[in-house]
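Engineer: Just so it is clear, I am handing over coords_30.pdb, which has PDB, C-alpha atoms.
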ATOM      1  CA  LEU U   1      14.575  -9.651 -18.167
ATOM      2  CA  ASN U   2      17.118  -6.989 -17.244
ATOM      3  CA  ALA U   3      17.782  -6.083 -20.874
ATOM      4  CA  GLU U   4      14.045  -5.781 -21.636
ATOM      5  CA  ALA U   5      13.503  -3.567 -18.560
ATOM      6  CA  ASN U   6      16.506  -1.420 -19.471
ATOM      7  CA  ARG U   7      15.226  -0.815 -22.997
ATOM      8  CA  LEU U   8      11.886   0.290 -21.602
ATOM      9  CA  ALA U   9      13.599   2.506 -19.018
ATOM     10  CA  HIS U  10      15.665   4.289 -21.670
ATOM     11  CA  ARG U  11      12.505   4.790 -23.711
ATOM     12  CA  LEU U  12      10.714   6.318 -20.696
ATOM     13  CA  ILE U  13      13.692   8.554 -19.932
ATOM     14  CA  GLY U  14      13.627   9.727 -23.546
ATOM     15  CA  LEU U  15       9.952  10.624 -23.086
ATOM     16  CA  GLY U  16      10.879  12.835 -20.138
ATOM     17  CA  VAL U  17      10.032  10.611 -17.157
ATOM     18  CA  LYS U  18      11.791  11.997 -14.064
ATOM     19  CA  PRO U  19      11.912  11.123 -10.338
ATOM     20  CA  ASP U  20       8.454  11.272  -8.705
ATOM     21  CA  ASP U  21       6.673  11.254 -12.085
ATOM     22  CA  ARG U  22       3.870   8.714 -11.958
ATOM     23  CA  VAL U  23       3.581   6.069 -14.682
ATOM     24  CA  GLY U  24       0.458   3.903 -14.831
ATOM     25  CA  LEU U  25       0.774   0.165 -15.505
ATOM     26  CA  CYS U  26      -2.308  -1.802 -16.587
ATOM     27  CA  VAL U  27      -1.376  -5.204 -18.040
ATOM     28  CA  GLU U  28      -2.308  -8.846 -17.454
ATOM     29  CA  ARG U  29      -0.100 -11.132 -15.345
ATOM     30  CA  SER U  30       2.760 -11.900 -17.723
ATOM     31  CA  PRO U  31       6.500 -11.305 -18.099
ATOM     32  CA  ALA U  32       5.596  -7.933 -19.645
ATOM     33  CA  MET U  33       4.162  -6.920 -16.263
ATOM     34  CA  ILE U  34       7.536  -7.484 -14.586
ATOM     35  CA  VAL U  35       9.319  -5.640 -17.404
ATOM     36  CA  GLY U  36       6.938  -2.708 -16.907
ATOM     37  CA  LEU U  37       7.487  -2.496 -13.153
ATOM     38  CA  LEU U  38      11.270  -2.692 -13.417
ATOM     39  CA  GLY U  39      11.386  -0.344 -16.410
ATOM     40  CA  VAL U  40       9.557   2.404 -14.554
ATOM     41  CA  LEU U  41      11.774   2.007 -11.486
ATOM     42  CA  LYS U  42      14.947   2.003 -13.578
ATOM     43  CA  ALA U  43      13.806   5.184 -15.341
ATOM     44  CA  GLY U  44      13.458   6.855 -11.951
ATOM     45  CA  GLY U  45       9.666   7.111 -12.122
ATOM     46  CA  ALA U  46       7.025   5.851  -9.695
ATOM     47  CA  TYR U  47       4.615   3.242 -10.982
ATOM     48  CA  VAL U  48       0.875   3.251 -10.310
ATOM     49  CA  PRO U  49      -0.354  -0.371 -10.503
ATOM     50  CA  LEU U  50      -3.730  -0.841 -12.209
ATOM     51  CA  ASP U  51      -5.301  -4.310 -12.181
ATOM     52  CA  PRO U  52      -7.248  -4.807 -15.447
ATOM     53  CA  SER U  53      -9.716  -7.078 -13.611
ATOM     54  CA  TYR U  54     -10.855  -4.169 -11.413
ATOM     55  CA  PRO U  55     -14.069  -2.275 -12.230
ATOM     56  CA  GLN U  56     -13.572   0.459 -14.850
ATOM     57  CA  GLU U  57     -14.990   3.065 -12.462
ATOM     58  CA  ARG U  58     -12.334   2.325  -9.835
ATOM     59  CA  LEU U  59      -9.553   2.338 -12.438
ATOM     60  CA  GLY U  60     -10.803   5.703 -13.691
ATOM     61  CA  LEU U  61     -10.783   7.143 -10.145
ATOM     62  CA  VAL U  62      -7.192   6.003  -9.596
ATOM     63  CA  VAL U  63      -5.961   7.335 -12.943
ATOM     64  CA  GLY U  64      -7.705  10.650 -12.367
ATOM     65  CA  ASP U  65      -6.242  11.036  -8.880
ATOM     66  CA  ALA U  66      -2.698   9.858  -9.648
ATOM     67  CA  ASP U  67      -2.597  11.790 -12.940
ATOM     68  CA  PRO U  68       0.195   9.655 -14.475
ATOM     69  CA  ARG U  69       2.549  11.200 -17.016
ATOM     70  CA  LEU U  70       1.856   8.189 -19.260
ATOM     71  CA  VAL U  71       0.354   4.726 -19.020
ATOM     72  CA  LEU U  72       1.825   1.341 -19.973
ATOM     73  CA  VAL U  73      -0.830  -1.033 -21.295
ATOM     74  CA  ASP U  74      -1.408  -4.260 -23.190
ATOM     75  CA  LYS U  75      -4.562  -5.131 -25.126
ATOM     76  CA  ILE U  76      -6.403  -6.259 -22.005
ATOM     77  CA  GLY U  77      -5.301  -3.204 -20.028
ATOM     78  CA  ARG U  78      -6.311  -0.829 -22.799
ATOM     79  CA  ALA U  79      -9.804  -2.324 -22.886
ATOM     80  CA  ALA U  80     -10.088  -2.286 -19.077
ATOM     81  CA  LEU U  81      -9.188   1.414 -18.797
ATOM     82  CA  GLY U  82     -11.486   2.532 -21.602
ATOM     83  CA  ASP U  83     -12.243   6.258 -21.377
ATOM     84  CA  ALA U  84      -9.740   6.718 -18.519
ATOM     85  CA  LEU U  85      -7.011   6.701 -21.198
ATOM     86  CA  SER U  86      -8.584   9.594 -23.072
ATOM     87  CA  GLY U  87      -6.006  12.292 -23.781
ATOM     88  CA  ARG U  88      -3.183  10.388 -22.025
ATOM     89  CA  GLU U  89       0.044   9.239 -23.618
ATOM     90  CA  MET U  90       0.447   5.480 -23.557
ATOM     91  CA  ILE U  91       2.927   2.791 -24.548
ATOM     92  CA  ALA U  92       1.631  -0.563 -25.804
ATOM     93  CA  LEU U  93       3.911  -2.790 -23.756
ATOM     94  CA  ASP U  94       3.014  -6.010 -25.530
ATOM     95  CA  GLU U  95       4.111  -4.477 -28.839
ATOM     96  CA  ALA U  96       7.120  -2.671 -27.362
ATOM     97  CA  ARG U  97       8.606  -5.945 -26.119
ATOM     98  CA  VAL U  98       8.397  -7.476 -29.577
ATOM     99  CA  VAL U  99       9.515  -4.712 -31.919
ATOM    100  CA  ASP U 100      11.327  -1.972 -29.991
ATOM    101  CA  LYS U 101      15.013  -2.924 -29.869
ATOM    102  CA  SER U 102      16.310   0.550 -30.695
ATOM    103  CA  HIS U 103      16.977   1.530 -27.068
ATOM    104  CA  PRO U 104      20.122   0.343 -25.237
ATOM    105  CA  ALA U 105      19.996  -2.764 -23.048
ATOM    106  CA  THR U 106      22.456  -1.284 -20.538
ATOM    107  CA  ASP U 107      21.467  -0.265 -17.005
ATOM    108  CA  PRO U 108      20.495   3.418 -16.726
ATOM    109  CA  ASP U 109      22.560   5.386 -14.186
ATOM    110  CA  PRO U 110      20.235   6.431 -11.319
ATOM    111  CA  GLN U 111      22.568   9.340 -10.539
ATOM    112  CA  VAL U 112      21.828  11.047 -13.856
ATOM    113  CA  PRO U 113      18.213  11.985 -12.958
ATOM    114  CA  GLY U 114      19.305  12.523  -9.340
ATOM    115  CA  LEU U 115      17.316   9.617  -7.914
ATOM    116  CA  THR U 116      17.489   9.334  -4.097
ATOM    117  CA  PRO U 117      16.000   6.994  -1.454
ATOM    118  CA  ARG U 118      13.388   9.701  -0.740
ATOM    119  CA  ASN U 119      11.936   9.635  -4.259
ATOM    120  CA  LEU U 120       8.761   7.671  -4.914
ATOM    121  CA  ALA U 121       8.949   4.025  -6.001
ATOM    122  CA  TYR U 122       5.196   3.557  -6.384
ATOM    123  CA  VAL U 123       1.803   4.960  -5.459
ATOM    124  CA  ILE U 124      -0.588   2.220  -4.355
ATOM    125  CA  TYR U 125      -4.290   2.715  -3.726
ATOM    126  CA  THR U 126      -6.114   1.367  -0.675
ATOM    127  CA  SER U 127      -9.892   1.246  -0.332
ATOM    128  CA  GLY U 128      -9.743   3.864   2.421
ATOM    129  CA  SER U 129     -12.080   4.137   5.391
ATOM    130  CA  THR U 130     -14.662   5.990   3.276
ATOM    131  CA  GLY U 131     -14.479   3.547   0.379
ATOM    132  CA  THR U 132     -12.797   6.159  -1.815
ATOM    133  CA  PRO U 133      -9.387   4.968  -3.082
ATOM    134  CA  LYS U 134      -6.482   6.727  -1.376
ATOM    135  CA  GLY U 135      -2.978   6.768  -2.817
ATOM    136  CA  VAL U 136      -0.153   5.765  -0.461
ATOM    137  CA  MET U 137       3.156   7.225  -1.662
ATOM    138  CA  VAL U 138       5.966   4.745  -0.968
ATOM    139  CA  GLU U 139       9.613   5.805  -1.253
ATOM    140  CA  HIS U 140      12.548   3.757  -2.557
ATOM    141  CA  GLY U 141      14.251   3.674   0.848
ATOM    142  CA  GLY U 142      11.237   2.066   2.501
ATOM    143  CA  VAL U 143      10.830  -0.553  -0.230
ATOM    144  CA  VAL U 144      14.516  -1.454  -0.118
ATOM    145  CA  ASN U 145      14.382  -1.835   3.677
ATOM    146  CA  LEU U 146      11.404  -4.187   3.383
ATOM    147  CA  ILE U 147      12.988  -6.222   0.565
ATOM    148  CA  GLN U 148      16.323  -6.653   2.354
ATOM    149  CA  ALA U 149      14.693  -7.479   5.688
ATOM    150  CA  MET U 150      12.362 -10.058   4.134
ATOM    151  CA  ALA U 151      15.183 -11.574   2.101
ATOM    152  CA  ASP U 152      17.283 -11.957   5.264
ATOM    153  CA  ILE U 153      14.417 -13.291   7.419
ATOM    154  CA  SER U 154      13.215 -15.809   4.836
ATOM    155  CA  GLY U 155      16.744 -16.933   3.994
ATOM    156  CA  ILE U 156      15.942 -16.876   0.281
ATOM    157  CA  THR U 157      18.806 -17.797  -2.058
ATOM    158  CA  ALA U 158      19.345 -18.073  -5.811
ATOM    159  CA  SER U 159      18.227 -21.714  -5.687
ATOM    160  CA  ASP U 160      14.733 -20.834  -4.442
ATOM    161  CA  LYS U 161      11.537 -20.565  -6.493
ATOM    162  CA  LEU U 162       8.790 -18.246  -5.244
ATOM    163  CA  LEU U 163       5.226 -18.613  -6.500
ATOM    164  CA  ALA U 164       3.811 -15.087  -6.983
ATOM    165  CA  VAL U 165       0.008 -15.013  -6.672
ATOM    166  CA  THR U 166      -0.886 -11.445  -5.624
ATOM    167  CA  THR U 167      -2.205  -8.696  -7.902
ATOM    168  CA  ILE U 168       0.242  -5.798  -8.273
ATOM    169  CA  ALA U 169      -2.554  -3.556  -6.984
ATOM    170  CA  PHE U 170      -1.770  -5.002  -3.513
ATOM    171  CA  ASP U 171       1.539  -3.986  -1.948
ATOM    172  CA  ILE U 172       2.515  -7.541  -0.934
ATOM    173  CA  ALA U 173       3.206  -8.145  -4.646
ATOM    174  CA  GLY U 174       6.400  -6.118  -4.136
ATOM    175  CA  LEU U 175       7.627  -8.732  -1.685
ATOM    176  CA  GLU U 176       6.703 -11.563  -4.060
ATOM    177  CA  LEU U 177       8.529 -10.044  -7.037
ATOM    178  CA  TYR U 178      11.462  -8.001  -5.725
ATOM    179  CA  VAL U 179      12.658 -10.241  -2.884
ATOM    180  CA  PRO U 180      13.418 -13.225  -5.165
ATOM    181  CA  LEU U 181      14.804 -11.067  -7.988
ATOM    182  CA  SER U 182      17.081  -9.211  -5.547
ATOM    183  CA  ARG U 183      18.715 -12.518  -4.560
ATOM    184  CA  GLY U 184      18.784 -14.153  -7.989
ATOM    185  CA  ALA U 185      15.913 -16.529  -7.180
ATOM    186  CA  CYS U 186      13.195 -17.549  -9.646
ATOM    187  CA  VAL U 187       9.731 -15.961  -9.786
ATOM    188  CA  VAL U 188       7.002 -18.366 -10.861
ATOM    189  CA  LEU U 189       4.187 -16.061 -11.953
ATOM    190  CA  ALA U 190       0.731 -17.554 -11.353
ATOM    191  CA  GLY U 191      -1.889 -16.537 -13.892
ATOM    192  CA  LYS U 192      -5.101 -14.742 -12.867
ATOM    193  CA  ASP U 193      -7.165 -17.936 -13.135
ATOM    194  CA  ASP U 194      -4.566 -20.030 -11.274
ATOM    195  CA  VAL U 195      -4.792 -17.777  -8.220
ATOM    196  CA  THR U 196      -8.450 -18.635  -7.543
ATOM    197  CA  ASN U 197      -8.092 -22.350  -8.301
ATOM    198  CA  PRO U 198      -6.605 -24.448  -5.434
ATOM    199  CA  THR U 199      -6.003 -27.406  -7.761
ATOM    200  CA  ALA U 200      -4.070 -25.217 -10.222
ATOM    201  CA  LEU U 201      -1.989 -23.815  -7.345
ATOM    202  CA  GLN U 202      -1.215 -27.322  -6.102
ATOM    203  CA  ASN U 203      -0.083 -28.307  -9.588
ATOM    204  CA  LEU U 204       2.140 -25.217  -9.883
ATOM    205  CA  ILE U 205       3.739 -25.825  -6.474
ATOM    206  CA  ALA U 206       4.523 -29.428  -7.403
ATOM    207  CA  SER U 207       5.499 -29.040 -11.069
ATOM    208  CA  ARG U 208       7.735 -25.983 -10.505
ATOM    209  CA  SER U 209       9.280 -27.225  -7.240
ATOM    210  CA  VAL U 210       8.140 -24.049  -5.472
ATOM    211  CA  SER U 211      10.041 -23.458  -2.226
ATOM    212  CA  ILE U 212       8.384 -20.202  -1.045
ATOM    213  CA  MET U 213       4.851 -18.877  -1.400
ATOM    214  CA  GLN U 214       3.086 -15.850   0.072
ATOM    215  CA  ALA U 215      -0.711 -15.807   0.192
ATOM    216  CA  THR U 216      -3.698 -14.612   2.186
ATOM    217  CA  PRO U 217      -5.228 -16.778   4.919
ATOM    218  CA  ALA U 218      -8.176 -17.401   2.574
ATOM    219  CA  THR U 219      -5.886 -18.819  -0.137
ATOM    220  CA  TRP U 220      -3.950 -21.006   2.309
ATOM    221  CA  ARG U 221      -7.233 -22.277   3.780
ATOM    222  CA  ALA U 222      -8.572 -23.076   0.295
ATOM    223  CA  LEU U 223      -5.397 -25.060  -0.469
ATOM    224  CA  LEU U 224      -5.645 -27.029   2.765
ATOM    225  CA  ASP U 225      -9.390 -27.650   2.326
ATOM    226  CA  ALA U 226      -8.644 -29.003  -1.181
ATOM    227  CA  ASN U 227      -6.522 -31.737   0.470
ATOM    228  CA  TRP U 228      -3.143 -30.225  -0.435
ATOM    229  CA  PRO U 229      -0.596 -32.691   0.959
ATOM    230  CA  GLY U 230       1.867 -29.893   1.658
ATOM    231  CA  ALA U 231       5.555 -29.583   0.816
ATOM    232  CA  ARG U 232       8.033 -30.248   3.605
ATOM    233  CA  HIS U 233      10.724 -28.101   1.961
ATOM    234  CA  MET U 234       8.464 -25.053   1.511
ATOM    235  CA  ARG U 235       8.328 -21.808   3.490
ATOM    236  CA  ALA U 236       4.819 -20.371   3.797
ATOM    237  CA  LEU U 237       4.327 -16.611   4.164
ATOM    238  CA  CYS U 238       0.894 -15.303   5.133
ATOM    239  CA  GLY U 239      -0.281 -11.702   4.682
ATOM    240  CA  GLY U 240      -3.210  -9.546   3.647
ATOM    241  CA  GLU U 241      -5.329 -10.393   6.694
ATOM    242  CA  ALA U 242      -4.791 -11.478  10.297
ATOM    243  CA  LEU U 243      -3.460 -15.055  10.542
ATOM    244  CA  PRO U 244      -5.627 -17.228  12.851
ATOM    245  CA  VAL U 245      -3.748 -19.544  15.222
ATOM    246  CA  GLU U 246      -5.772 -22.539  14.022
ATOM    247  CA  LEU U 247      -4.744 -21.933  10.395
ATOM    248  CA  SER U 248      -1.074 -21.433  11.267
ATOM    249  CA  ARG U 249      -1.088 -24.788  13.083
ATOM    250  CA  ARG U 250      -2.637 -26.560  10.081
ATOM    251  CA  LEU U 251      -0.032 -24.988   7.810
ATOM    252  CA  ARG U 252       2.915 -25.723  10.073
ATOM    253  CA  SER U 253       2.148 -29.430   9.934
ATOM    254  CA  ARG U 254       2.623 -29.467   6.138
ATOM    255  CA  VAL U 255       5.486 -27.052   5.402
ATOM    256  CA  GLN U 256       8.966 -26.248   6.660
ATOM    257  CA  SER U 257       8.043 -22.943   8.320
ATOM    258  CA  VAL U 258       5.273 -20.334   8.504
ATOM    259  CA  TRP U 259       5.800 -16.552   8.616
ATOM    260  CA  ASN U 260       3.174 -13.896   9.347
ATOM    261  CA  VAL U 261       4.031 -10.971   7.028
ATOM    262  CA  TYR U 262       0.924  -8.793   7.449
ATOM    263  CA  GLY U 263       1.402  -5.047   6.829
ATOM    264  CA  PRO U 264       3.884  -4.157   4.056
ATOM    265  CA  THR U 265       2.462  -0.664   3.441
ATOM    266  CA  GLU U 266       2.954   0.211   7.090
ATOM    267  CA  THR U 267       6.398  -1.393   7.319
ATOM    268  CA  THR U 268       7.767   0.476   4.313
TER     269      THR U 268
END
Please re-express this file's structure in structure tokens.
Structural biologist:
Amino acid sequence: LNAEANRLAHRLIGLGVKPDDRVGLCVERSPAMIVGLLGVLKAGGAYVPLDPSYPQERLGLVVGDADPRLVLVDKIGRAALGDALSGREMIALDEARVVDKSHPATDPDPQVPGLTPRNLAYVIYTSGSTGTPKGVMVEHGGVVNLIQAMADISGITASDKLLAVTTIAFDIAGLELYVPLSRGACVVLAGKDDVTNPTALQNLIASRSVSIMQATPATWRALLDANWPGARHMRALCGGEALPVELSRRLRSRVQSVWNVYGPTETT
């Protein structure tokens, strides 16, 4: 994973990506998605997550507002963006992972582009009070604080497996991906269809021996209502919406511990 991300980072650096430059990322949930996120960060750029399942109009608004220097796509992402890609440089990430081995697999030096904790890590779009997407600019220092705090609080270690279910267009995905990777733990990446299927989630939790999962109250409720027996060794993290007391009690009876982690944009 690190070597793949490094190759992409060196390619982006060669294309002129610098600190605070935005790079769009529109790919399906796959290892290439993780490579894309890490590659942009390693290059010193700020990624703009684009969920290919979102309406094309919304994706076009985000791309137009963020004005990324280039966009990383796969076949599904390219189709989802449509005309929003017109005139923009793009890298086909699915092809790059297969054929592009010409760039070094070594870690880029963040000091070369002058990257600091005040530079942007990502720009994430909320719905906004008016319904118009608004970009929240999140700096490296804030993300690192959140990752280290959550890693310490959750007690995650290299032996843990975290089931990642959240679209990268929501900020809580940063917790799901970077907290385990920062401690050498395993990320089990749920597919788009798995996320909305309580039975599929139950199967993933059991078959992959998942020890940590973060989800919205709606997802936890769907699991419980589908007669999920629970996992006594598992830590449950709940975010995205307010956590009702009744739901936390139901969860606590079936897992090791429950954490309310609502508000990552604010806490970065």
Engineer: Please determine the residues with any atom at most 6 Å from (9.5, 0.5, 6.5) (coordinates as given in the file, with all atoms listed in the file counting) and report them as a ChimeraX atom specification.
Structural biologist: /U:142,146,267-268
Engineer: Residues of the last selection are to be written out with C-alpha atoms, as a compact mmCIF listing (two decimals), in the frame of the given file.
Structural biologist:
# COMPACT_ATOMS: atom_id res chain seq x y z
CA GLY U 142 11.24 2.07 2.50
CA LEU U 146 11.40 -4.19 3.38
CA THR U 267 6.40 -1.39 7.32
CA THR U 268 7.77 0.48 4.31
Engineer: Under the PyMOL selection byres ((chain U and resi 265) around 12), which residues of this model are included? Write them out as a PyMOL selection string.
Structural biologist: chain U and resi 122-126+135-139+142-143+145-146+169-175+239-240+261-264+266-268
Engineer: Compare U:Leu85, U:Leu162, U:Val245, U:Ala32 by their minimum atom-to-atom distance to Gln56 in chain U, counting all atoms listed in the file, and give me the closest one.
Structural biologist: U:Leu85
Engineer: Which residues come within 6 Å of range 11-18 of chain U, counting all atoms listed in the file, excluding same-chain residues fewer than 3 positions away, as JSON, numbers by chain?
Structural biologist: {"U": [8, 21, 43, 44, 45]}
Engineer: CA of Gly141 in chain U and CA of Leu163 in chain U, how far apart in Å?
Structural biologist: 25.1 Å
Engineer: List the residues matched by the PyMOL selection byres ((chain U and resi 250) around 12) in the displayed structure as a list of chain:residue names, ordered by chain and then by residue number.
Structural biologist: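 When the PyMOL selection byres ((chain U and resi 250) around 12) is applied, the selected residues are U:Pro217, U:Trp220, U:Arg221, U:Ala222, U:Leu223, U:Leu224, U:Asp225, U:Asn227, U:Trp228, U:Pro229, U:Gly230, U:Ala236, U:Leu243, U:Pro244, U:Val245, U:Glu246, U:Leu247, U:Ser248, U:Arg249, U:Leu251, U:Arg252, U:Ser253, U:Arg254, U:Val255, U:Ser257, U:Val258.
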